[in-house]
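Participant: My structure file structure-v3.cif, mmCIF, C-alpha atoms, is below:
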data_run
loop_
_atom_site.label_atom_id
_atom_site.label_comp_id
_atom_site.auth_asym_id
_atom_site.auth_seq_id
_atom_site.Cartn_x
_atom_site.Cartn_y
_atom_site.Cartn_z
CA MET A 1054 -8.65 -50.07 -14.12
CA GLU A 1055 -5.89 -50.12 -16.71
CA PRO A 1056 -7.28 -47.23 -18.85
CA THR A 1057 -7.66 -45.08 -15.72
CA PHE A 1058 -4.06 -45.64 -14.71
CA LEU A 1059 -2.79 -44.96 -18.22
CA THR A 1060 -4.87 -41.79 -18.43
CA LEU A 1061 -3.32 -40.59 -15.18
CA GLY A 1062 0.06 -41.31 -16.72
CA TRP A 1063 -0.73 -39.16 -19.76
CA ILE A 1064 -1.94 -36.35 -17.51
CA GLY A 1065 1.31 -36.63 -15.58
CA ILE A 1066 3.37 -36.36 -18.77
CA TYR A 1067 1.59 -33.24 -20.04
CA ALA A 1068 0.94 -31.50 -16.69
CA PRO A 1069 4.39 -29.92 -16.14
CA LEU A 1070 4.31 -28.27 -19.54
CA VAL A 1071 0.72 -27.04 -19.45
CA LEU A 1072 0.78 -25.89 -15.82
CA GLY A 1073 4.20 -24.26 -16.23
CA ALA A 1074 2.97 -22.46 -19.36
CA MET A 1075 -0.15 -21.23 -17.50
CA GLY A 1076 2.06 -19.90 -14.71
CA SER A 1077 4.28 -18.14 -17.25
CA MET A 1078 1.30 -16.60 -19.04
CA ILE A 1079 -0.16 -15.07 -15.90
CA GLY A 1080 3.23 -14.13 -14.45
CA CYS A 1081 4.43 -12.46 -17.65
CA SER A 1082 1.07 -10.72 -17.96
CA ARG A 1083 1.36 -9.20 -14.47
CA GLY A 1084 4.97 -8.17 -15.00
CA GLY A 1085 4.24 -6.90 -18.50
CA MET A 1086 1.36 -4.70 -17.38
CA ALA A 1087 3.47 -3.26 -14.57
CA ALA A 1088 6.28 -2.58 -17.05
CA ALA A 1089 3.89 -0.89 -19.46
CA GLY A 1090 2.54 1.30 -16.64
CA ALA A 1091 6.08 2.22 -15.55
CA LEU A 1092 6.95 3.29 -19.10
CA LEU A 1093 4.54 6.20 -18.67
CA GLU A 1094 6.57 7.45 -15.71
CA VAL A 1095 10.21 6.99 -16.72
CA GLU A 1096 12.29 8.76 -19.32
CA GLY A 1097 14.56 5.85 -20.24
CA GLY A 1098 15.69 2.31 -19.40
CA TYR A 1099 12.54 0.83 -20.88
CA GLY A 1100 14.29 -2.36 -21.96
CA ARG A 1101 15.15 -3.52 -18.47
CA PHE A 1102 11.53 -3.24 -17.31
CA ILE A 1103 10.34 -5.34 -20.25
CA GLY A 1104 13.21 -7.77 -19.60
CA VAL A 1105 12.21 -8.23 -15.96
CA SER A 1106 8.59 -8.78 -16.93
CA ALA A 1107 9.70 -11.82 -18.98
CA MET A 1108 11.31 -13.53 -15.96
CA PRO A 1109 8.39 -15.93 -15.38
CA SER A 1110 9.02 -17.47 -18.83
CA SER A 1111 11.46 -19.96 -17.32
CA GLN A 1112 8.60 -22.02 -15.82
CA THR A 1113 7.56 -23.07 -19.31
CA ILE A 1114 11.11 -24.18 -20.14
CA TYR A 1115 11.32 -26.24 -16.93
CA GLY A 1116 7.91 -27.73 -17.79
CA ILE A 1117 9.08 -28.74 -21.28
CA VAL A 1118 12.16 -30.49 -19.87
CA VAL A 1119 10.14 -32.39 -17.22
CA THR A 1120 7.52 -33.40 -19.80
CA LEU A 1121 10.20 -34.71 -22.16
CA THR A 1122 11.85 -36.62 -19.26
CA LEU A 1123 8.57 -38.23 -18.18
CA ASN A 1124 7.60 -39.11 -21.73
CA VAL A 1125 8.35 -42.85 -21.55
CA PRO A 1126 6.17 -45.81 -22.58
CA LEU A 1127 3.36 -45.97 -20.01
CA THR A 1128 2.75 -49.11 -17.95
CA LEU A 1129 0.55 -49.90 -14.95
CA ALA A 1130 3.69 -49.79 -12.83
CA ASN A 1131 4.99 -46.35 -13.82
CA SER A 1132 1.77 -44.41 -14.52
CA PRO A 1133 0.93 -43.47 -10.88
CA GLY A 1134 4.49 -42.26 -10.32
CA ILE A 1135 4.47 -40.21 -13.53
CA PHE A 1136 1.14 -38.69 -12.51
CA ALA A 1137 2.46 -37.71 -9.08
CA LEU A 1138 5.70 -36.23 -10.40
CA GLY A 1139 4.05 -34.45 -13.33
CA VAL A 1140 1.15 -32.89 -11.47
CA GLY A 1141 3.24 -32.05 -8.40
CA SER A 1142 6.00 -30.32 -10.32
CA GLY A 1143 3.44 -28.67 -12.63
CA LEU A 1144 1.55 -27.17 -9.70
CA ALA A 1145 4.82 -25.88 -8.23
CA LEU A 1146 5.69 -24.26 -11.58
CA LEU A 1147 2.18 -22.77 -11.87
CA VAL A 1148 2.29 -21.12 -8.45
CA SER A 1149 5.87 -19.93 -8.92
CA GLY A 1150 4.83 -18.30 -12.22
CA PHE A 1151 1.97 -16.38 -10.54
CA THR A 1152 4.00 -15.24 -7.61
CA GLN A 1153 7.11 -14.41 -9.61
CA GLY A 1154 4.98 -12.20 -11.86
CA SER A 1155 3.73 -10.30 -8.82
CA ALA A 1156 7.28 -10.00 -7.43
CA CYS A 1157 8.52 -8.68 -10.79
CA ALA A 1158 5.65 -6.17 -10.91
CA ALA A 1159 6.55 -4.95 -7.41
CA ALA A 1160 10.23 -4.65 -8.42
CA ILE A 1161 9.32 -2.63 -11.50
CA ASN A 1162 7.03 -0.39 -9.45
CA ALA A 1163 9.74 0.24 -6.84
CA SER A 1164 12.59 0.84 -9.25
CA LYS A 1165 10.74 3.19 -11.59
CA SER A 1166 10.96 5.98 -9.03
CA LYS A 1167 14.15 4.74 -7.33
CA PRO A 1168 16.40 3.27 -10.04
CA GLU A 1169 19.20 2.45 -7.58
CA VAL A 1170 17.08 -0.34 -6.02
CA PHE A 1171 16.56 -2.09 -9.35
CA GLY A 1172 18.97 -4.97 -8.60
CA ILE A 1173 18.02 -5.61 -5.00
CA SER A 1174 14.30 -5.33 -5.71
CA LEU A 1175 14.64 -8.38 -7.97
CA ALA A 1176 15.90 -10.55 -5.08
CA PRO A 1177 12.41 -11.85 -4.12
CA ALA A 1178 11.74 -12.86 -7.74
CA ALA A 1179 15.12 -14.65 -7.80
CA VAL A 1180 14.27 -16.51 -4.58
CA ILE A 1181 10.98 -17.69 -6.13
CA GLU A 1182 12.93 -18.82 -9.18
CA GLY A 1183 15.13 -20.84 -6.80
CA PHE A 1184 12.11 -22.72 -5.44
CA ALA A 1185 10.91 -23.43 -8.99
CA VAL A 1186 14.36 -24.85 -9.77
CA PHE A 1187 14.12 -27.14 -6.70
CA ALA A 1188 10.79 -28.53 -7.95
CA PHE A 1189 12.24 -28.92 -11.45
CA VAL A 1190 15.50 -30.64 -10.43
CA PHE A 1191 13.87 -33.04 -7.98
CA ALA A 1192 11.25 -34.01 -10.57
CA LEU A 1193 14.14 -34.99 -12.88
CA VAL A 1194 15.99 -36.84 -10.10
CA LEU A 1195 12.91 -38.80 -9.02
CA ALA A 1196 11.95 -39.57 -12.62
CA GLY A 1197 15.14 -41.63 -12.76
CA SER A 1198 13.83 -43.98 -10.06
CA LEU A 1199 10.42 -44.66 -11.63
CA PRO A 1200 9.70 -48.38 -12.27
CA GLU A 1201 9.77 -49.64 -15.90
CA MET B 1396 -8.10 -6.79 -11.35
CA ALA B 1397 -5.38 -7.36 -13.95
CA ALA B 1398 -5.48 -3.72 -15.09
CA TYR B 1399 -4.39 -2.62 -11.60
CA TYR B 1400 -0.85 -3.84 -12.39
CA PHE B 1401 -0.73 -1.27 -15.18
CA LEU B 1402 -2.53 1.46 -13.27
CA VAL B 1403 -0.53 1.20 -10.04
CA SER B 1404 2.78 1.16 -11.91
CA SER B 1405 1.78 4.20 -13.93
CA LEU B 1406 1.34 6.29 -10.76
CA PRO B 1407 4.39 8.24 -9.56
CA TYR B 1408 6.00 7.97 -6.14
CA LEU B 1409 4.37 10.31 -3.63
CA PRO B 1410 6.79 11.75 -1.07
CA HIS B 1411 5.50 12.54 2.43
CA PHE B 1412 3.45 15.71 2.17
CA GLU B 1413 5.70 17.67 4.56
CA LYS B 1414 8.77 16.89 2.47
CA ALA B 1415 7.27 17.38 -0.98
CA GLU B 1416 7.94 20.57 -2.93
CA TRP B 1417 5.58 20.02 -5.82
CA LEU B 1418 2.86 17.66 -7.00
CA PRO B 1419 4.37 14.73 -8.90
CA ILE B 1420 1.22 14.42 -11.00
CA THR B 1421 -1.47 16.95 -11.88
CA ARG B 1422 -5.15 16.39 -11.19
CA LYS B 1423 -5.81 16.19 -14.90
CA GLN B 1424 -3.17 13.48 -15.38
CA LEU B 1425 -4.44 11.61 -12.32
CA ASP B 1426 -8.02 11.68 -13.61
CA SER B 1427 -6.80 10.39 -16.93
CA ARG B 1428 -5.04 7.43 -15.24
CA LEU B 1429 -8.09 6.72 -13.07
CA LYS B 1430 -10.13 6.16 -16.22
CA LEU B 1431 -8.43 2.75 -16.26
CA LEU B 1432 -10.45 1.80 -13.17
CA GLU B 1433 -13.48 -0.38 -13.70
CA ALA B 1434 -16.63 1.74 -13.97
CA GLU B 1435 -18.01 0.54 -10.64
CA ASP B 1436 -14.80 1.26 -8.73
CA ARG B 1437 -14.53 4.68 -10.38
CA ALA B 1438 -18.10 5.53 -9.37
CA GLN B 1439 -17.47 4.48 -5.77
CA LEU B 1440 -14.30 6.55 -5.59
CA ALA B 1441 -16.10 9.58 -7.03
CA GLY B 1442 -18.95 9.14 -4.53
CA SER B 1443 -16.54 8.99 -1.60
CA GLU B 1444 -14.72 12.10 -2.84
CA GLU B 1445 -18.02 13.95 -3.16
CA LEU B 1446 -18.58 13.36 0.55
CA LEU B 1447 -15.07 13.69 1.93
CA ASN B 1448 -13.86 16.70 -0.01
CA TRP B 1449 -14.96 19.62 2.13
CA GLN B 1450 -14.82 21.97 -0.85
CA ASN B 1451 -17.89 20.14 -2.21
CA HIS B 1452 -19.93 21.26 0.78
CA PRO B 1453 -21.22 24.84 0.66
CA ALA B 1454 -20.93 26.83 3.89
CA GLN B 1455 -24.68 26.70 4.45
CA HIS B 1456 -24.64 22.89 4.31
CA THR B 1457 -26.03 21.71 7.65
CA THR B 1458 -24.76 18.73 9.65
CA SER B 1459 -28.09 16.99 9.00
CA GLU B 1460 -27.57 17.31 5.26
CA ILE B 1461 -24.02 15.98 5.56
CA SER B 1462 -25.35 13.11 7.67
CA GLN B 1463 -27.89 12.26 4.97
CA GLN B 1464 -25.19 12.39 2.31
CA PHE B 1465 -22.97 10.16 4.46
CA HIS B 1466 -25.67 7.48 4.73
CA HIS B 1467 -26.46 7.77 1.03
CA THR B 1468 -22.77 7.42 0.11
CA MET B 1469 -22.26 4.44 2.41
CA LYS B 1470 -25.14 2.66 0.67
CA SER B 1471 -23.48 3.19 -2.70
CA ILE B 1472 -20.02 1.94 -1.66
CA SER B 1473 -19.64 -1.83 -1.60
CA HIS B 1474 -15.85 -2.05 -1.43
CA PRO B 1475 -15.01 -2.92 2.22
CA ALA B 1476 -11.70 -1.05 2.37
CA LEU B 1477 -13.18 2.13 0.88
CA ARG B 1478 -16.19 1.92 3.22
CA GLY B 1479 -13.78 1.55 6.13
CA PHE B 1480 -11.81 4.58 5.01
CA VAL B 1481 -14.90 6.78 4.56
CA GLU B 1482 -16.09 5.79 8.05
CA TYR B 1483 -12.62 6.48 9.45
CA ARG B 1484 -12.55 9.98 7.94
CA MET B 1485 -16.06 10.82 9.13
CA ASP B 1486 -15.30 9.50 12.64
CA LEU B 1487 -12.16 11.60 12.72
CA ARG B 1488 -14.11 14.71 11.73
CA THR B 1489 -16.81 13.99 14.27
CA VAL B 1490 -14.34 13.53 17.12
CA VAL B 1491 -12.34 16.64 16.21
CA GLY B 1492 -15.62 18.54 15.70
CA GLY B 1493 -16.68 17.45 19.19
CA LEU B 1494 -13.40 18.71 20.67
CA ARG B 1495 -13.82 22.06 18.90
CA HIS B 1496 -17.46 22.42 19.92
CA ARG B 1497 -16.64 21.68 23.55
CA THR B 1498 -13.80 24.22 23.56
CA ALA B 1499 -16.24 26.78 22.12
CA GLY B 1500 -18.63 26.12 25.05
CA PHE B 1501 -21.23 24.20 23.04
CA LEU B 1502 -23.39 21.71 24.94
CA PRO B 1503 -24.66 18.63 23.07
CA GLY B 1504 -28.37 18.18 22.60
CA GLU B 1505 -29.00 21.86 21.84
CA GLY B 1506 -30.83 22.00 18.51
CA GLU B 1507 -28.90 21.15 15.37
CA PRO B 1508 -26.88 17.90 15.46
CA TRP B 1509 -23.15 18.58 15.57
CA GLY B 1510 -21.63 15.37 14.15
CA VAL B 1511 -22.07 12.27 12.05
CA GLY B 1512 -21.54 8.57 12.63
CA ARG B 1513 -21.56 5.82 15.23
CA TRP B 1514 -19.74 7.61 18.07
CA ILE B 1515 -22.16 10.53 18.62
CA ARG B 1516 -24.02 9.02 21.59
CA LYS B 1517 -20.84 7.80 23.24
CA ILE B 1518 -19.24 11.24 22.88
CA GLU B 1519 -22.31 13.03 24.22
CA SER B 1520 -22.47 10.67 27.22
CA ARG B 1521 -18.84 11.46 28.14
CA TRP B 1522 -18.83 15.10 26.97
CA ASP B 1523 -16.73 16.36 29.88
CA ALA B 1524 -14.02 13.70 29.66
CA PRO B 1525 -10.95 15.10 27.83
CA ASP B 1526 -10.89 12.08 25.49
CA PHE B 1527 -14.67 11.48 25.46
CA GLY B 1528 -13.78 8.04 26.86
CA LEU B 1529 -12.56 7.06 23.41
CA SER B 1530 -8.77 7.00 23.76
CA ALA B 1531 -8.80 3.18 23.47
CA VAL B 1532 -10.50 3.48 20.06
CA PHE B 1533 -8.71 6.65 18.93
CA PRO B 1534 -5.26 6.69 20.58
CA TRP B 1535 -4.54 10.09 19.01
CA ILE B 1536 -7.46 11.86 20.71
CA ASN B 1537 -5.47 13.25 23.68
CA GLU B 1538 -2.92 14.90 21.42
CA ALA B 1539 -5.70 16.35 19.28
CA HIS B 1540 -7.42 17.60 22.46
CA ILE B 1541 -4.26 19.47 23.51
CA LEU B 1542 -3.90 21.09 20.09
CA VAL B 1543 -7.55 22.17 20.08
CA GLU B 1544 -7.23 23.61 23.60
CA LYS B 1545 -4.12 25.56 22.55
CA GLN B 1546 -5.99 26.71 19.42
CA GLU B 1547 -3.08 25.64 17.22
CA ALA B 1548 -5.04 25.39 13.98
CA LEU B 1549 -2.08 24.67 11.71
CA GLY B 1550 -0.54 22.19 14.16
CA LEU B 1551 -3.88 20.37 14.39
CA GLU B 1552 -4.27 20.30 10.61
CA ARG B 1553 -0.75 18.91 10.20
CA PHE B 1554 -1.41 16.32 12.94
CA LEU B 1555 -4.66 15.15 11.33
CA MET B 1556 -3.14 15.03 7.86
CA ASN B 1557 -0.32 12.88 9.24
CA LEU B 1558 -2.85 10.54 10.86
CA VAL B 1559 -4.77 10.07 7.61
CA TRP B 1560 -1.55 9.80 5.59
CA HIS B 1561 -0.28 6.90 7.72
CA HIS B 1562 -3.71 5.27 7.78
CA LEU B 1563 -3.72 5.36 3.96
CA ALA B 1564 -0.18 3.92 3.89
CA ARG B 1565 -1.43 0.92 5.86
CA ILE B 1566 -4.39 0.49 3.50
CA SER B 1567 -2.07 0.73 0.50
CA ASP B 1568 0.26 -1.95 1.90
CA SER B 1569 -2.65 -4.27 2.70
CA ARG B 1570 -3.18 -5.25 -0.93
CA PRO B 1571 -0.55 -4.38 -3.53
CA PHE B 1572 -1.80 -3.88 -7.08
CA GLY B 1573 -5.42 -3.62 -6.04
CA PHE B 1574 -8.12 -0.98 -5.66
CA GLU B 1575 -6.87 -0.29 -2.13
CA GLN B 1576 -3.54 0.95 -3.45
CA VAL B 1577 -5.26 3.14 -6.03
CA PHE B 1578 -7.70 4.90 -3.73
CA ALA B 1579 -4.98 5.27 -1.06
CA PHE B 1580 -2.85 7.03 -3.68
CA PHE B 1581 -5.77 9.22 -4.68
CA TYR B 1582 -6.43 10.42 -1.13
CA ARG B 1583 -2.74 10.86 -0.32
CA TRP B 1584 -2.42 12.94 -3.47
CA ASP B 1585 -5.36 15.00 -2.16
CA ILE B 1586 -3.56 15.59 1.17
CA LEU B 1587 -0.38 16.57 -0.63
CA SER B 1588 -2.27 18.90 -2.94
CA ARG B 1589 -4.01 20.65 -0.03
CA TRP B 1590 -0.78 20.94 1.96
CA LEU B 1591 1.07 22.51 -0.94
CA SER B 1592 -1.79 24.94 -1.54
CA TYR B 1593 -1.39 26.19 2.05
CA ASP B 1594 2.18 27.19 1.33
CA ALA B 1595 1.46 29.76 -1.37
CA ASP B 1596 4.49 31.89 -0.42
CA ALA B 1597 6.87 29.00 -0.94
CA ALA B 1598 5.20 28.27 -4.27
CA THR B 1599 5.59 31.90 -5.36
CA GLY B 1600 9.28 31.82 -4.32
CA ARG B 1601 9.90 28.65 -6.29
CA PHE B 1602 8.15 30.15 -9.30
CA GLN B 1603 10.46 33.18 -9.11
CA ASP B 1604 13.50 30.88 -8.87
CA LEU B 1605 12.39 29.01 -11.97
CA ILE B 1606 11.88 32.24 -13.89
CA GLU B 1607 15.35 33.43 -12.88
CA GLU B 1608 16.85 30.08 -13.88
CA VAL B 1609 15.22 30.19 -17.30
CA THR B 1610 16.13 33.85 -17.83
CA ARG B 1611 19.75 33.17 -16.84
CA ASP B 1612 20.00 30.30 -19.35
CA HIS B 1613 18.48 32.57 -21.96
CA GLN B 1614 21.07 35.27 -21.28
CA GLN B 1615 23.87 32.73 -21.59
CA LEU B 1616 22.55 31.63 -24.96
CA PHE B 1617 22.09 35.13 -26.29
CA PRO B 1618 24.60 37.38 -24.49
CA GLY B 1619 24.07 41.08 -24.84
#
Starting from the file, give its structure as structure tokens.

Facilitator:
Amino acid sequence: MEPTFLTLGWIGIYAPLVLGAMGSMIGCSRGGMAAAGALLEVEGGYGRFIGVSAMPSSQTIYGIVVTLTLNVPLTLANSPGIFALGVGSGLALLVSGFTQGSACAAAINASKSKPEVFGISLAPAAVIEGFAVFAFVFALVLAGSLPE
Amino acid sequence: MAAYYFLVSSLPYLPHFEKAEWLPITRKQLDSRLKLLEAEDRAQLAGSEELLNWQNHPAQHTTSEISQQFHHTMKSISHPALRGFVEYRMDLRTVVGGLRHRTAGFLPGEGEPWGVGRWIRKIESRWDAPDFGLSAVFPWINEAHILVEKQEALGLERFLMNLVWHHLARISDSRPFGFEQVFAFFYRWDILSRWLSYDADAATGRFQDLIEEVTRDHQQLFPG
């Protein structure tokens, strides 16, 4: 029983980082491809499209911070909690990375032909970022109440 | 799937065909972008265009031959949204063809078949009803009937183009960054291209304006 619990604890420690990074990879890939496509259609302002496509990178940073916070000596008492916090927050970061990538791609697609909507078209991506921040912050808050 | 993010973003914005003054992308450029489609999707799109583009059908092409081609094309298209669109376009042509035939005094069941698709029997059974009893399925049929009766060819063409344009807009919105958005763009571009080709006078006028603009700039650069 003990090895199983400790293994779950290790999964919980690594999950936020690996799931967040997976979300960032796919999100940045979607945004990046949309940006590259838009470059064929616009005459300037290339940098801002590439910049927007990198928005889903933040999920990896949140994942690193949660992983470092959960990285405490594992015991039978704290392993289940670490697993729950790590996998839960990791899944939230993964999904937010996917969806933020799609939102960024849509923003790039809209603003390439209508540059004046560039700012407002990023609002959905910012809202998704907000939800990722909720998952991140509450993982940190709850990590403080894990048993020794 | 992933390549659609690149492809969709590389396509320009298409204004409504009645408001557009020129094609935002040439056919050659469009074909070049469509090479990014997966081979199977590209083949299905080409097959649907072969059927739906009326210019591909010689004048002596009979309805039976078109019907055969329709069934052959439907067998080769596996994408549900594209199948739905091809059926929609063929249904639309059949219904409008029925309205035109009836106005011309044609009676169904006389020799050569006059239409293609699943609504033929229903239309023939309600031949004398203004809407063929199909206004619940095709809410636009009464308006099309009026335009056919008044023999307003251009008005009818504009009306049908609008119908297809909005239908394609719904398809495009149904799945962003997917094949739906690409083929919807392709067929909306086709509508726009046809509409602009109708207005040859306006195109000639714009060409003259451009020549004058260039000549004027040239004169300013090299006075005398």

Participant: What residues in chain A have any atom no more than 9 Å from chain B when counting all atoms listed in the file, and can you write them as a compact mmCIF listing (two decimals) with C-alpha atoms, in the frame of the given file?

Facilitator:
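Result went into result31.txt, see below:
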# COMPACT_ATOMS: atom_id res chain seq x y z
CA SER A 1082 1.07 -10.72 -17.96
CA ARG A 1083 1.36 -9.20 -14.47
CA GLY A 1084 4.97 -8.17 -15.00
CA GLY A 1085 4.24 -6.90 -18.50
CA MET A 1086 1.36 -4.70 -17.38
CA ALA A 1087 3.47 -3.26 -14.57
CA ALA A 1088 6.28 -2.58 -17.05
CA ALA A 1089 3.89 -0.89 -19.46
CA GLY A 1090 2.54 1.30 -16.64
CA ALA A 1091 6.08 2.22 -15.55
CA LEU A 1092 6.95 3.29 -19.10
CA LEU A 1093 4.54 6.20 -18.67
CA GLU A 1094 6.57 7.45 -15.71
CA SER A 1155 3.73 -10.30 -8.82
CA ALA A 1158 5.65 -6.17 -10.91
CA ALA A 1159 6.55 -4.95 -7.41
CA ILE A 1161 9.32 -2.63 -11.50
CA ASN A 1162 7.03 -0.39 -9.45
CA ALA A 1163 9.74 0.24 -6.84
CA LYS A 1165 10.74 3.19 -11.59
CA SER A 1166 10.96 5.98 -9.03
CA LYS A 1167 14.15 4.74 -7.33

Participant: Just the residues within 9 Å of Val1190 in chain A, please, counting only C-alpha atoms, with nothing from its chain fewer than 5 positions along; format it as a compact mmCIF listing (two decimals) with C-alpha atoms, in the coordinates of the input.

Facilitator:
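See selection_19.txt below for the written result:
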# COMPACT_ATOMS: atom_id res chain seq x y z
CA TYR A 1115 11.32 -26.24 -16.93
CA VAL A 1119 10.14 -32.39 -17.22
CA ALA A 1185 10.91 -23.43 -8.99
CA LEU A 1195 12.91 -38.80 -9.02

Participant: I'd like the residues picked by the PyMOL selection byres ((chain B and resi 1539-1556) around 10) written out as a PyMOL selection string, using the chain letters and numbers from the file.

Facilitator: chain B and resi 1412-1413+1487-1488+1490-1499+1525-1527+1534-1538+1557-1562+1583+1586-1587+1589-1590+1593

Participant: Run the PyMOL selection byres ((chain B and resi 1461) around 12) mentally over the shown coordinates, then write out the matched residues as a PyMOL selection string, using the chain letters and numbers from the document.

Facilitator: chain B and resi 1445-1449+1451-1460+1462-1468+1485+1488-1489+1508-1512

Participant: Can you measure CA of Leu1425 in chain B to CA of Ala1564 in chain B for me? One decimal in Å is fine.

Facilitator: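 Between CA of Leu1425 in chain B and CA of Ala1564 in chain B the gap works out to 18.4 Å.
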
Participant: Where does the PyMOL selection byres ((chain A and resi 1148) around 12) land in this file, that is, which residues does it pick, as JSON, numbers by chain?

Facilitator: {"A": [1069, 1072, 1073, 1074, 1075, 1076, 1077, 1078, 1079, 1080, 1109, 1112, 1141, 1142, 1143, 1144, 1145, 1146, 1147, 1149, 1150, 1151, 1152, 1153, 1154, 1155, 1181, 1182, 1184, 1185, 1188]}

Participant: What gap, in Å, lies between CA of Cys1157 in chain A and CA of Pro1177 in chain A?

Facilitator: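 Separation of CA of Cys1157 in chain A and CA of Pro1177 in chain A: 8.3 Å.
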
Participant: Which is closer to Arg1422 in chain B than all the others in B:Ile1515, B:Arg1521, B:Ser1471, B:Tyr1582, using all atoms listed in the file?

Facilitator: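 Looking at the shortest contact to Arg1422 in chain B, the residue is B:Tyr1582.
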
Participant: One decimal, Å: what's the distance from CA of Ile1518 in chain B over to CA of Phe1480 in chain B, could you say?

Facilitator: 20.5 Å

Participant: Rebuild range 1522-1527 of chain B to all heavy atoms - output it as an mmCIF file, in the frame of the given file, please.

Facilitator:
data_model
loop_
_atom_site.group_PDB
_atom_site.id
_atom_site.type_symbol
_atom_site.label_atom_id
_atom_site.label_comp_id
_atom_site.auth_asym_id
_atom_site.auth_seq_id
_atom_site.Cartn_x
_atom_site.Cartn_y
_atom_site.Cartn_z
ATOM 1 N N TRP B 1522 -19.183 13.790 27.540
ATOM 2 C CA TRP B 1522 -18.830 15.100 26.970
ATOM 3 C C TRP B 1522 -17.713 15.807 27.743
ATOM 4 O O TRP B 1522 -16.861 16.485 27.164
ATOM 5 C CB TRP B 1522 -20.081 15.964 26.893
ATOM 6 C CG TRP B 1522 -19.894 17.240 26.132
ATOM 7 C CD1 TRP B 1522 -19.826 18.493 26.666
ATOM 8 C CD2 TRP B 1522 -19.763 17.403 24.712
ATOM 9 N NE1 TRP B 1522 -19.659 19.428 25.668
ATOM 10 C CE2 TRP B 1522 -19.625 18.773 24.457
ATOM 11 C CE3 TRP B 1522 -19.750 16.511 23.642
ATOM 12 C CZ2 TRP B 1522 -19.473 19.291 23.164
ATOM 13 C CZ3 TRP B 1522 -19.597 17.024 22.357
ATOM 14 C CH2 TRP B 1522 -19.459 18.400 22.135
ATOM 15 N N ASP B 1523 -17.701 15.618 29.060
ATOM 16 C CA ASP B 1523 -16.730 16.360 29.880
ATOM 17 C C ASP B 1523 -15.375 15.660 30.003
ATOM 18 O O ASP B 1523 -14.410 16.257 30.482
ATOM 19 C CB ASP B 1523 -17.309 16.617 31.274
ATOM 20 C CG ASP B 1523 -18.498 17.569 31.183
ATOM 21 O OD1 ASP B 1523 -18.452 18.479 30.336
ATOM 22 O OD2 ASP B 1523 -19.474 17.370 31.927
ATOM 23 N N ALA B 1524 -15.312 14.393 29.596
ATOM 24 C CA ALA B 1524 -14.020 13.700 29.660
ATOM 25 C C ALA B 1524 -13.108 14.231 28.558
ATOM 26 O O ALA B 1524 -13.571 14.413 27.428
ATOM 27 C CB ALA B 1524 -14.229 12.197 29.471
ATOM 28 N N PRO B 1525 -11.831 14.507 28.862
ATOM 29 C CA PRO B 1525 -10.950 15.100 27.830
ATOM 30 C C PRO B 1525 -10.917 14.273 26.545
ATOM 31 O O PRO B 1525 -10.849 14.827 25.454
ATOM 32 C CB PRO B 1525 -9.573 15.103 28.513
ATOM 33 C CG PRO B 1525 -9.851 15.055 29.964
ATOM 34 C CD PRO B 1525 -11.145 14.332 30.149
ATOM 35 N N ASP B 1526 -10.967 12.933 26.685
ATOM 36 C CA ASP B 1526 -10.890 12.080 25.490
ATOM 37 C C ASP B 1526 -12.242 11.490 25.111
ATOM 38 O O ASP B 1526 -12.309 10.575 24.290
ATOM 39 C CB ASP B 1526 -9.879 10.947 25.721
ATOM 40 C CG ASP B 1526 -10.314 10.011 26.843
ATOM 41 O OD1 ASP B 1526 -11.303 10.346 27.555
ATOM 42 O OD2 ASP B 1526 -9.682 8.957 27.018
ATOM 43 N N PHE B 1527 -13.313 11.995 25.671
ATOM 44 C CA PHE B 1527 -14.670 11.480 25.460
ATOM 45 C C PHE B 1527 -14.760 9.983 25.796
ATOM 46 O O PHE B 1527 -15.670 9.288 25.326
ATOM 47 C CB PHE B 1527 -15.129 11.657 23.998
ATOM 48 C CG PHE B 1527 -15.235 13.083 23.533
ATOM 49 C CD1 PHE B 1527 -14.680 13.471 22.315
ATOM 50 C CD2 PHE B 1527 -15.902 14.040 24.284
ATOM 51 C CE1 PHE B 1527 -14.775 14.779 21.864
ATOM 52 C CE2 PHE B 1527 -16.004 15.358 23.831
ATOM 53 C CZ PHE B 1527 -15.430 15.722 22.626
#
